[in-house]
Each structure stands twice: as C-alpha cells, then as structure tokens.
$ cat input01.pdb   # PDB, C-alpha atoms, pLDDT in the B column
ATOM      1  CA  MET L 995     197.569 315.908 100.883  1.00 53.00           C
ATOM      2  CA  ARG L 996     197.070 312.363  99.753  1.00 62.00           C
ATOM      3  CA  THR L 997     193.708 313.246  98.183  1.00 72.00           C
ATOM      4  CA  GLY L 998     195.353 316.123  96.309  1.00 77.00           C
ATOM      5  CA  GLY L 999     198.022 313.781  94.983  1.00 83.00           C
ATOM      6  CA  THR L1000     195.416 311.276  93.851  1.00 86.00           C
ATOM      7  CA  ALA L1001     193.388 314.000  92.172  1.00 88.00           C
ATOM      8  CA  LEU L1002     196.486 315.320  90.393  1.00 89.00           C
ATOM      9  CA  ARG L1003     197.422 311.823  89.248  1.00 89.00           C
ATOM     10  CA  LEU L1004     193.863 311.242  88.031  1.00 89.00           C
ATOM     11  CA  LEU L1005     193.952 314.566  86.162  1.00 92.00           C
ATOM     12  CA  VAL L1006     197.272 313.691  84.501  1.00 93.00           C
ATOM     13  CA  VAL L1007     196.002 310.229  83.495  1.00 90.00           C
ATOM     14  CA  ALA L1008     192.706 311.674  82.186  1.00 91.00           C
ATOM     15  CA  GLY L1009     194.606 314.325  80.226  1.00 93.00           C
ATOM     16  CA  GLY L1010     196.944 311.701  78.775  1.00 93.00           C
ATOM     17  CA  VAL L1011     194.053 309.429  77.782  1.00 93.00           C
ATOM     18  CA  LEU L1012     192.197 312.370  76.231  1.00 94.00           C
ATOM     19  CA  ALA L1013     195.265 313.457  74.261  1.00 95.00           C
ATOM     20  CA  TYR L1014     195.926 309.902  73.089  1.00 96.00           C
ATOM     21  CA  GLY L1015     192.256 309.416  72.196  1.00 95.00           C
ATOM     22  CA  TYR L1016     192.216 312.683  70.239  1.00 96.00           C
ATOM     23  CA  TRP L1017     195.314 311.648  68.297  1.00 96.00           C
ATOM     24  CA  ALA L1018     194.114 308.067  67.758  1.00 95.00           C
ATOM     25  CA  THR L1019     190.693 309.104  66.444  1.00 95.00           C
ATOM     26  CA  ALA L1020     192.252 311.725  64.153  1.00 95.00           C
ATOM     27  CA  GLN L1021     194.076 309.032  62.159  1.00 94.00           C
ATOM     28  CA  ALA L1022     192.718 308.261  58.713  1.00 93.00           C
ATOM     29  CA  PRO L1023     191.147 304.768  58.563  1.00 92.00           C
ATOM     30  CA  PHE L1024     192.967 301.860  56.925  1.00 93.00           C
ATOM     31  CA  ARG L1025     196.340 303.540  57.584  1.00 94.00           C
ATOM     32  CA  THR L1026     199.117 301.918  59.592  1.00 95.00           C
ATOM     33  CA  SER L1027     198.901 304.697  62.177  1.00 95.00           C
ATOM     34  CA  ALA L1028     195.192 303.933  62.749  1.00 94.00           C
ATOM     35  CA  TYR L1029     195.933 300.240  63.281  1.00 95.00           C
ATOM     36  CA  LEU L1030     198.798 301.127  65.636  1.00 96.00           C
ATOM     37  CA  ALA L1031     196.648 303.618  67.580  1.00 95.00           C
ATOM     38  CA  VAL L1032     194.180 300.817  68.353  1.00 95.00           C
ATOM     39  CA  GLY L1033     196.856 298.142  68.635  1.00 96.00           C
ATOM     40  CA  LEU L1034     198.734 299.855  71.462  1.00 96.00           C
ATOM     41  CA  PRO L1035     195.862 299.646  74.018  1.00 95.00           C
ATOM     42  CA  VAL L1036     195.144 296.085  72.828  1.00 96.00           C
ATOM     43  CA  ALA L1037     198.795 295.151  73.423  1.00 95.00           C
ATOM     44  CA  LEU L1038     198.744 296.800  76.873  1.00 94.00           C
ATOM     45  CA  VAL L1039     195.553 294.967  77.891  1.00 92.00           C
ATOM     46  CA  GLY L1040     196.921 291.665  76.574  1.00 90.00           C
ATOM     47  CA  LEU L1041     200.178 292.233  78.464  1.00 91.00           C
ATOM     48  CA  ALA L1042     198.348 293.179  81.661  1.00 89.00           C
ATOM     49  CA  VAL L1043     196.253 290.005  81.498  1.00 84.00           C
ATOM     50  CA  LEU L1044     199.350 287.899  80.896  1.00 83.00           C
ATOM     51  CA  ILE L1045     201.335 289.503  83.720  1.00 83.00           C
ATOM     52  CA  ALA L1046     198.590 289.827  86.326  1.00 72.00           C
ATOM     53  CA  PRO L1047     195.524 287.747  85.484  1.00 63.00           C
ATOM     54  CA  GLU L1048     194.345 287.794  89.095  1.00 60.00           C
ATOM     55  CA  PRO L1049     192.475 291.133  89.544  1.00 54.00           C
ATOM     56  CA  LEU L1050     189.732 290.289  87.073  1.00 54.00           C
ATOM     57  CA  ALA L1051     189.495 286.712  88.305  1.00 50.00           C
ATOM     58  CA  ARG L1052     188.895 288.013  91.841  1.00 51.00           C
ATOM     59  CA  LYS L1053     186.038 290.280  90.778  1.00 50.00           C
ATOM     60  CA  ARG L1054     183.580 287.501  90.558  1.00 46.00           C
ATOM     61  CA  SER L1055     179.948 288.226  90.228  1.00 52.00           C
ATOM     62  CA  SER L1056     177.879 286.247  92.656  1.00 53.00           C
ATOM     63  CA  ALA L1057     174.951 286.392  90.263  1.00 56.00           C
ATOM     64  CA  LEU L1058     173.871 283.014  88.983  1.00 63.00           C
ATOM     65  CA  VAL L1059     173.747 282.902  85.229  1.00 69.00           C
ATOM     66  CA  SER L1060     170.872 280.977  83.744  1.00 77.00           C
ATOM     67  CA  LEU L1061     168.772 281.315  80.621  1.00 75.00           C
ATOM     68  CA  ARG L1062     165.945 282.684  82.756  1.00 79.00           C
ATOM     69  CA  SER L1063     168.103 285.414  84.299  1.00 82.00           C
ATOM     70  CA  ALA L1064     169.797 286.338  81.037  1.00 83.00           C
ATOM     71  CA  TRP L1065     166.821 286.251  78.643  1.00 87.00           C
ATOM     72  CA  PRO L1066     166.424 290.046  78.222  1.00 87.00           C
ATOM     73  CA  TRP L1067     170.011 290.358  77.024  1.00 87.00           C
ATOM     74  CA  LEU L1068     169.750 287.234  74.918  1.00 88.00           C
ATOM     75  CA  ALA L1069     166.592 288.649  73.278  1.00 91.00           C
ATOM     76  CA  ILE L1070     168.327 291.957  72.456  1.00 91.00           C
ATOM     77  CA  ALA L1071     171.450 290.138  71.225  1.00 91.00           C
ATOM     78  CA  GLY L1072     169.308 287.737  69.168  1.00 93.00           C
ATOM     79  CA  LEU L1073     167.469 290.601  67.448  1.00 93.00           C
ATOM     80  CA  MET L1074     170.791 292.325  66.730  1.00 93.00           C
ATOM     81  CA  ALA L1075     172.297 289.128  65.333  1.00 93.00           C
ATOM     82  CA  ALA L1076     169.218 288.555  63.121  1.00 93.00           C
ATOM     83  CA  LEU L1077     169.383 292.106  61.700  1.00 90.00           C
ATOM     84  CA  GLU L1078     173.143 291.805  61.151  1.00 90.00           C
ATOM     85  CA  ILE L1079     172.787 288.458  59.339  1.00 92.00           C
ATOM     86  CA  VAL L1080     170.066 289.852  57.043  1.00 90.00           C
ATOM     87  CA  GLY L1081     172.178 292.975  56.381  1.00 89.00           C
ATOM     88  CA  LEU L1082     175.265 290.900  55.588  1.00 90.00           C
ATOM     89  CA  ALA L1083     173.238 288.553  53.371  1.00 90.00           C
ATOM     90  CA  LEU L1084     172.163 291.606  51.350  1.00 87.00           C
ATOM     91  CA  GLY L1085     175.783 292.580  50.761  1.00 83.00           C
ATOM     92  CA  GLY L1086     176.573 294.575  53.878  1.00 77.00           C
ATOM     93  CA  ARG L1087     176.008 298.005  52.326  1.00 75.00           C
ATOM     94  CA  SER L1088     172.294 297.758  51.679  1.00 79.00           C
ATOM     95  CA  THR L1089     170.411 301.013  52.228  1.00 79.00           C
ATOM     96  CA  THR L1090     167.189 299.194  53.135  1.00 84.00           C
ATOM     97  CA  VAL L1091     168.728 296.780  55.650  1.00 86.00           C
ATOM     98  CA  PRO L1092     172.070 298.281  56.747  1.00 88.00           C
ATOM     99  CA  THR L1093     174.407 296.398  59.052  1.00 89.00           C
ATOM    100  CA  LEU L1094     175.338 297.839  62.449  1.00 89.00           C
ATOM    101  CA  SER L1095     178.699 298.942  61.016  1.00 87.00           C
ATOM    102  CA  THR L1096     176.987 300.911  58.237  1.00 87.00           C
ATOM    103  CA  VAL L1097     174.714 302.679  60.748  1.00 88.00           C
ATOM    104  CA  VAL L1098     177.617 303.439  63.079  1.00 89.00           C
ATOM    105  CA  ASP L1099     179.776 304.682  60.177  1.00 88.00           C
ATOM    106  CA  HIS L1100     177.380 307.624  59.756  1.00 86.00           C
ATOM    107  CA  ALA L1101     178.019 308.665  63.356  1.00 88.00           C
ATOM    108  CA  LEU L1102     181.776 308.120  62.994  1.00 91.00           C
ATOM    109  CA  ALA L1103     181.931 310.992  60.510  1.00 91.00           C
ATOM    110  CA  TRP L1104     182.198 313.298  63.552  1.00 93.00           C
ATOM    111  CA  HIS L1105     185.523 313.347  65.355  1.00 94.00           C
ATOM    112  CA  LEU L1106     183.822 314.008  68.700  1.00 95.00           C
ATOM    113  CA  VAL L1107     181.696 310.853  68.353  1.00 94.00           C
ATOM    114  CA  ARG L1108     184.804 308.828  67.511  1.00 95.00           C
ATOM    115  CA  LEU L1109     186.570 310.315  70.543  1.00 95.00           C
ATOM    116  CA  LEU L1110     183.645 309.495  72.876  1.00 95.00           C
ATOM    117  CA  LEU L1111     183.355 305.943  71.519  1.00 94.00           C
ATOM    118  CA  PHE L1112     187.120 305.493  71.784  1.00 96.00           C
ATOM    119  CA  GLY L1113     186.951 306.607  75.422  1.00 95.00           C
ATOM    120  CA  ALA L1114     184.166 304.094  76.101  1.00 94.00           C
ATOM    121  CA  TRP L1115     186.159 301.388  74.320  1.00 95.00           C
ATOM    122  CA  LEU L1116     189.265 302.159  76.414  1.00 95.00           C
ATOM    123  CA  PHE L1117     187.130 302.062  79.574  1.00 92.00           C
ATOM    124  CA  ILE L1118     185.864 298.592  78.657  1.00 90.00           C
ATOM    125  CA  GLY L1119     189.439 297.443  78.037  1.00 91.00           C
ATOM    126  CA  TRP L1120     190.494 298.867  81.387  1.00 89.00           C
ATOM    127  CA  SER L1121     187.593 297.002  83.016  1.00 86.00           C
ATOM    128  CA  LEU L1122     188.771 293.768  81.391  1.00 84.00           C
ATOM    129  CA  VAL L1123     192.076 293.943  83.236  1.00 83.00           C
ATOM    130  CA  GLY L1124     190.400 294.728  86.517  1.00 73.00           C
ATOM    131  CA  GLY L1125     190.764 298.480  86.662  1.00 58.00           C
ATOM    132  CA  HIS L1126     187.080 298.986  87.304  1.00 52.00           C
ATOM    133  CA  ARG L1127     185.872 297.188  90.385  1.00 51.00           C
ATOM    134  CA  VAL L1128     182.380 295.834  89.973  1.00 48.00           C
ATOM    135  CA  GLU L1129     180.994 293.665  92.715  1.00 47.00           C
ATOM    136  CA  ARG L1130     177.442 292.390  92.519  1.00 47.00           C
ATOM    137  CA  ARG L1131     175.720 290.957  95.536  1.00 45.00           C
ATOM    138  CA  ARG L1132     172.404 289.174  95.290  1.00 44.00           C
TER     139      ARG L1132
ATOM    140  CA  MET I 832     165.775 304.077  57.224  1.00 76.00           C
ATOM    141  CA  VAL I 833     163.379 301.859  59.191  1.00 83.00           C
ATOM    142  CA  VAL I 834     166.156 299.391  59.972  1.00 84.00           C
ATOM    143  CA  ALA I 835     168.542 302.204  60.944  1.00 86.00           C
ATOM    144  CA  VAL I 836     165.897 303.373  63.436  1.00 89.00           C
ATOM    145  CA  ALA I 837     165.543 299.759  64.625  1.00 90.00           C
ATOM    146  CA  TRP I 838     169.315 299.581  65.167  1.00 91.00           C
ATOM    147  CA  THR I 839     169.254 302.826  67.146  1.00 90.00           C
ATOM    148  CA  ALA I 840     166.312 301.540  69.211  1.00 92.00           C
ATOM    149  CA  LEU I 841     168.081 298.245  69.916  1.00 92.00           C
ATOM    150  CA  LEU I 842     171.304 300.004  70.956  1.00 92.00           C
ATOM    151  CA  GLY I 843     169.287 302.378  73.137  1.00 92.00           C
ATOM    152  CA  ALA I 844     167.381 299.464  74.682  1.00 90.00           C
ATOM    153  CA  ALA I 845     170.637 297.624  75.394  1.00 90.00           C
ATOM    154  CA  LEU I 846     172.161 300.688  77.040  1.00 90.00           C
ATOM    155  CA  ALA I 847     168.999 301.474  79.025  1.00 91.00           C
ATOM    156  CA  TRP I 848     168.669 297.858  80.160  1.00 88.00           C
ATOM    157  CA  GLU I 849     172.289 297.757  81.336  1.00 87.00           C
ATOM    158  CA  CYS I 850     171.896 301.039  83.236  1.00 89.00           C
ATOM    159  CA  TRP I 851     168.674 299.786  84.838  1.00 88.00           C
ATOM    160  CA  CYS I 852     170.331 296.499  85.828  1.00 86.00           C
ATOM    161  CA  ARG I 853     173.158 298.393  87.516  1.00 83.00           C
ATOM    162  CA  VAL I 854     170.862 300.808  89.357  1.00 86.00           C
ATOM    163  CA  ALA I 855     167.802 298.722  90.261  1.00 84.00           C
ATOM    164  CA  ARG I 856     169.557 295.329  90.420  1.00 79.00           C
ATOM    165  CA  PRO I 857     166.628 293.263  89.226  1.00 79.00           C
ATOM    166  CA  ARG I 858     166.618 289.471  89.155  1.00 81.00           C
ATOM    167  CA  TRP I 859     167.724 289.586  85.527  1.00 82.00           C
ATOM    168  CA  LEU I 860     171.347 290.016  84.573  1.00 83.00           C
ATOM    169  CA  GLY I 861     173.091 292.868  82.839  1.00 83.00           C
ATOM    170  CA  VAL I 862     175.758 292.363  80.207  1.00 85.00           C
ATOM    171  CA  SER I 863     178.464 293.197  82.773  1.00 83.00           C
ATOM    172  CA  ASP I 864     177.303 290.230  84.891  1.00 83.00           C
ATOM    173  CA  LEU I 865     177.456 287.969  81.862  1.00 83.00           C
ATOM    174  CA  CYS I 866     180.950 289.253  81.003  1.00 84.00           C
ATOM    175  CA  LEU I 867     182.163 288.766  84.586  1.00 83.00           C
ATOM    176  CA  THR I 868     180.876 285.208  84.508  1.00 83.00           C
ATOM    177  CA  LEU I 869     182.580 284.623  81.177  1.00 84.00           C
ATOM    178  CA  ALA I 870     185.813 286.163  82.497  1.00 82.00           C
ATOM    179  CA  ARG I 871     186.060 283.572  85.268  1.00 81.00           C
ATOM    180  CA  HIS I 872     187.442 281.146  82.737  1.00 82.00           C
ATOM    181  CA  PRO I 873     190.772 281.923  80.999  1.00 84.00           C
ATOM    182  CA  VAL I 874     189.294 281.059  77.595  1.00 87.00           C
ATOM    183  CA  GLY I 875     186.304 283.308  78.284  1.00 87.00           C
ATOM    184  CA  ARG I 876     188.647 286.142  79.280  1.00 87.00           C
ATOM    185  CA  LEU I 877     190.648 285.658  76.095  1.00 89.00           C
ATOM    186  CA  LEU I 878     187.420 285.653  74.069  1.00 92.00           C
ATOM    187  CA  LEU I 879     186.318 288.942  75.677  1.00 92.00           C
ATOM    188  CA  ILE I 880     189.667 290.558  74.853  1.00 92.00           C
ATOM    189  CA  VAL I 881     189.553 289.289  71.259  1.00 94.00           C
ATOM    190  CA  VAL I 882     186.007 290.664  70.829  1.00 94.00           C
ATOM    191  CA  TRP I 883     187.057 293.971  72.414  1.00 95.00           C
ATOM    192  CA  ALA I 884     190.101 294.227  70.107  1.00 95.00           C
ATOM    193  CA  PHE I 885     187.975 293.367  67.036  1.00 94.00           C
ATOM    194  CA  VAL I 886     185.440 296.072  67.940  1.00 94.00           C
ATOM    195  CA  GLY I 887     188.271 298.597  68.390  1.00 95.00           C
ATOM    196  CA  TRP I 888     189.876 297.856  65.028  1.00 94.00           C
ATOM    197  CA  HIS I 889     186.543 297.672  63.251  1.00 91.00           C
ATOM    198  CA  LEU I 890     185.300 300.976  64.695  1.00 92.00           C
ATOM    199  CA  PHE I 891     188.439 303.110  64.762  1.00 93.00           C
ATOM    200  CA  ALA I 892     190.797 301.705  62.120  1.00 93.00           C
ATOM    201  CA  ARG I 893     188.451 300.286  59.486  1.00 88.00           C
ATOM    202  CA  TYR I 894     185.485 302.648  59.346  1.00 85.00           C
ATOM    203  CA  THR I 895     184.164 304.098  56.102  1.00 84.00           C
ATOM    204  CA  ILE I 896     182.460 307.456  56.216  1.00 79.00           C
ATOM    205  CA  PRO I 897     179.455 307.291  53.864  1.00 74.00           C
ATOM    206  CA  ALA I 898     179.516 309.700  50.932  1.00 71.00           C
TER     207      ALA I 898
END
$ encode --input "input01.pdb" --output "structure tokens"
Amino acid sequence: MRTGGTALRLLVVAGGVLAYGYWATAQAPFRTSAYLAVGLPVALVGLAVLIAPEPLARKRSSALVSLRSAWPWLAIAGLMAALEIVGLALGGRSTTVPTLSTVVDHALAWHLVRLLLFGAWLFIGWSLVGGHRVERRR
Amino acid sequence: MVVAVAWTALLGAALAWECWCRVARPRWLGVSDLCLTLARHPVGRLLLIVVWAFVGWHLFARYTIPA
C-alpha cells in the first residue's frame, strides 16, 4: 500500500515536472516568461538552501580531493576553458572556432533537446539541495 | 566544424568519465565528488547554485537558434 502511494506520488511529481519543463522550454528566448520559467526553480533551490542547508552538508564525500586525484577533470575543464577563451576572443560567433554556447545553440533548435537538457538541469538543482543522495566510500 | 567536433568530443569525454567514475570508482575523482567537496563550504554551495542558475538562464532563456 505504501509502495503504491510512493509510486503514485512519484508519478504525479514526474508528470508535473514534465509539464512544467514542456511549458518552460516552449517559451521564446529573451522574453520575460522565459526568464521566469528558469527563475522559479532557481528561487525554489535558493529558498530550500536558505531554509534547510543541512541535507547537502551531510552528504559529504569521503573522497580526498587533491590535484592528483582530480587531474582528469581538470584536464577536460582546462581544454574546454582554452577553447572557450579562443572562441570568445574571436568574437563569440566565429564559425571556425565556435564557443560552447554557439555549438549548443544548434542542438537547442529542437524542443525535445531543450526539454531533456532542462530535465537534466532541474535534476542537478535538485541534487544541490540534497534531493539526490550520493555517498562515496573509498 | 573541427572545433564543433572537438566540443562534442570533450562533452562526450566529460560525460563518459563521470559515468565511469560513478560505476568503477577509480582512484580519480568525478565532477560530483568535486562538487560535493565544494558544497561543504557555504560559499562553495552558493557558488555552485550561482553557476547552476547562470547555466539555466544562458541555455533556456538566452539561446539563439542559428539561422
């Protein structure tokens, strides 16, 4: 009975998120409605962190962070930063060296891609307030 | 075109690396580990939320579909 209730609640939440995501990603860019559609989850996450900052603080990773343990990510991030800087130095809309935004803009032409990315973005925001429990043991 | 492919490869590598870190748990860290470490500090948590909000606005409110 309890499992059924949880499943129903999950279904309702998923449906609500999907409907909101569909509406939010259907808004024309640079319009007030588009800013509001993104601003609402940002406000909710900000509020959640202000009200209950504990859940995320408790989910501490026991992994030790050092340059040696983080170098693969730092290498990827460094390459991305270098490409972005070159792209921005060339004006930001260069066809030979496009910025990440310019490359992503091509994919954002499809509503489904925007919806999927919006879902991933919401998931990351939910993780920031402690909704997604991640515990690493080493 | 070459740089667009490079961007796609870098994004793919980042995603693949993160997935591998979560599944195989190697001695190297994934981005989620780095974020969790950053989130221990209130300023780090605020920084993560600001970056997340910026990405959201940039991607979903300020995109320009190429002609």
$ atom_distance --input "input01.pdb" --atom1 "CA of Gly875 in chain I" --atom2 "CA of Val1032 in chain L"
21.6 Å
$ resolve_selection --input "input01.pdb" --expression "the ChimeraX specification (/I :<6) & /L" --output "list of chain:residue names"
L:Pro1023, L:Phe1024, L:Ala1028, L:Tyr1029, L:Ala1051, L:Ser1063, L:Ala1064, L:Val1091, L:Asp1099, L:Ala1103
$ atom_distance --input "input01.pdb" --atom1 "CA of Pro1092 in chain L" --atom2 "CA of Leu1068 in chain L"
21.4 Å
$ residues_around --input "input01.pdb" --residues "Arg1108 in chain L" --least-positions-apart "4" --cutoff "9 Å" --atoms "all atoms listed in the file" --output "list in words"
Gly1015, Tyr1016, Thr1019, Ala1020, Ala1101, Leu1102, Ala1103, Trp1104, Phe1112 and Gly1113 of chain L; Leu890 and Phe891 of chain I
$ atom_distance --input "input01.pdb" --atom1 "CA of Leu1012 in chain L" --atom2 "CA of Leu1110 in chain L"
9.6 Å
$ axis_aligned_box --input "input01.pdb" --around "range 877-887 of chain I" --padding-each-side "4 Å" --output "AutoDock Vina command-line options"
--center_x 188.0 --center_y 292.1 --center_z 71.6 --size_x 13.2 --size_y 20.9 --size_z 17.1
$ resolve_selection --input "input01.pdb" --expression "the PyMOL selection byres ((chain L and resi 1077) around 9)" --output "list in words"
Gly1072, Leu1073, Met1074, Ala1075, Ala1076, Glu1078, Ile1079, Val1080, Gly1081, Leu1082, Val1091, Pro1092, Thr1093 and Leu1094 of chain L; Val834 and Trp838 of chain I
$ write_last_selection --input "input01.pdb" --atoms "C-alpha atoms" --output "PDB file, keeping the file's coordinate frame"
ATOM      1  CA  GLY L1072     169.308 287.737  69.168  1.00 93.00           C
ATOM      2  CA  LEU L1073     167.469 290.601  67.448  1.00 93.00           C
ATOM      3  CA  MET L1074     170.791 292.325  66.730  1.00 93.00           C
ATOM      4  CA  ALA L1075     172.297 289.128  65.333  1.00 93.00           C
ATOM      5  CA  ALA L1076     169.218 288.555  63.121  1.00 93.00           C
ATOM      6  CA  GLU L1078     173.143 291.805  61.151  1.00 90.00           C
ATOM      7  CA  ILE L1079     172.787 288.458  59.339  1.00 92.00           C
ATOM      8  CA  VAL L1080     170.066 289.852  57.043  1.00 90.00           C
ATOM      9  CA  GLY L1081     172.178 292.975  56.381  1.00 89.00           C
ATOM     10  CA  LEU L1082     175.265 290.900  55.588  1.00 90.00           C
ATOM     11  CA  VAL L1091     168.728 296.780  55.650  1.00 86.00           C
ATOM     12  CA  PRO L1092     172.070 298.281  56.747  1.00 88.00           C
ATOM     13  CA  THR L1093     174.407 296.398  59.052  1.00 89.00           C
ATOM     14  CA  LEU L1094     175.338 297.839  62.449  1.00 89.00           C
TER      15      LEU L1094
ATOM     16  CA  VAL I 834     166.156 299.391  59.972  1.00 84.00           C
ATOM     17  CA  TRP I 838     169.315 299.581  65.167  1.00 91.00           C
TER      18      TRP I 838
END
$ residues_around --input "input01.pdb" --residues "Trp1017 in chain L" --least-positions-apart "6" --cutoff "10 Å" --atoms "only C-alpha atoms" --output "PyMOL selection string"
chain L and resi 1011+1027-1028+1031+1109
$ decode --input "input01.pdb" --residues "range 1105-1119 of chain L" --atoms "N, CA, C and O atoms" --output "CSV table (one decimal), in the first residue's frame"
chain,number,residue,atom,x,y,z
L,1105,HIS,N,12.9,21.3,-29.7
L,1105,HIS,CA,12.2,21.4,-28.4
L,1105,HIS,C,12.5,20.2,-27.5
L,1105,HIS,O,12.7,20.3,-26.3
L,1106,LEU,N,12.6,19.0,-28.1
L,1106,LEU,CA,12.9,17.8,-27.3
L,1106,LEU,C,14.3,17.9,-26.6
L,1106,LEU,O,14.4,17.5,-25.4
L,1107,VAL,N,15.3,18.4,-27.3
L,1107,VAL,CA,16.6,18.6,-26.7
L,1107,VAL,C,16.6,19.5,-25.6
L,1107,VAL,O,17.1,19.3,-24.5
L,1108,ARG,N,15.8,20.7,-25.8
L,1108,ARG,CA,15.7,21.7,-24.7
L,1108,ARG,C,15.0,21.0,-23.5
L,1108,ARG,O,15.4,21.2,-22.4
L,1109,LEU,N,14.0,20.2,-23.8
L,1109,LEU,CA,13.3,19.6,-22.7
L,1109,LEU,C,14.2,18.6,-21.9
L,1109,LEU,O,14.2,18.6,-20.7
L,1110,LEU,N,14.9,17.8,-22.6
L,1110,LEU,CA,15.9,16.9,-22.0
L,1110,LEU,C,16.9,17.6,-21.2
L,1110,LEU,O,17.2,17.2,-20.0
L,1111,LEU,N,17.5,18.6,-21.8
L,1111,LEU,CA,18.5,19.4,-21.1
L,1111,LEU,C,17.9,20.1,-19.8
L,1111,LEU,O,18.6,20.2,-18.8
L,1112,PHE,N,16.7,20.6,-20.0
L,1112,PHE,CA,16.0,21.3,-18.9
L,1112,PHE,C,15.8,20.3,-17.7
L,1112,PHE,O,16.0,20.6,-16.5
L,1113,GLY,N,15.4,19.0,-18.1
L,1113,GLY,CA,15.2,18.0,-17.1
L,1113,GLY,C,16.5,17.7,-16.4
L,1113,GLY,O,16.6,17.6,-15.1
L,1114,ALA,N,17.6,17.6,-17.1
L,1114,ALA,CA,19.0,17.4,-16.5
L,1114,ALA,C,19.3,18.5,-15.6
L,1114,ALA,O,19.9,18.3,-14.5
L,1115,TRP,N,19.0,19.7,-16.1
L,1115,TRP,CA,19.4,20.9,-15.3
L,1115,TRP,C,18.6,20.9,-14.0
L,1115,TRP,O,19.1,21.2,-12.9
L,1116,LEU,N,17.3,20.6,-14.0
L,1116,LEU,CA,16.4,20.5,-12.8
L,1116,LEU,C,17.0,19.5,-11.9
L,1116,LEU,O,17.0,19.7,-10.7
L,1117,PHE,N,17.4,18.3,-12.4
L,1117,PHE,CA,18.0,17.2,-11.6
L,1117,PHE,C,19.2,17.7,-10.8
L,1117,PHE,O,19.4,17.4,-9.7
L,1118,ILE,N,20.0,18.5,-11.5
L,1118,ILE,CA,21.3,19.0,-10.9
L,1118,ILE,C,20.9,20.0,-9.7
L,1118,ILE,O,21.4,19.9,-8.6
L,1119,GLY,N,19.9,20.8,-10.0
L,1119,GLY,CA,19.4,21.7,-9.0
L,1119,GLY,C,18.8,21.0,-7.8
L,1119,GLY,O,19.1,21.3,-6.6
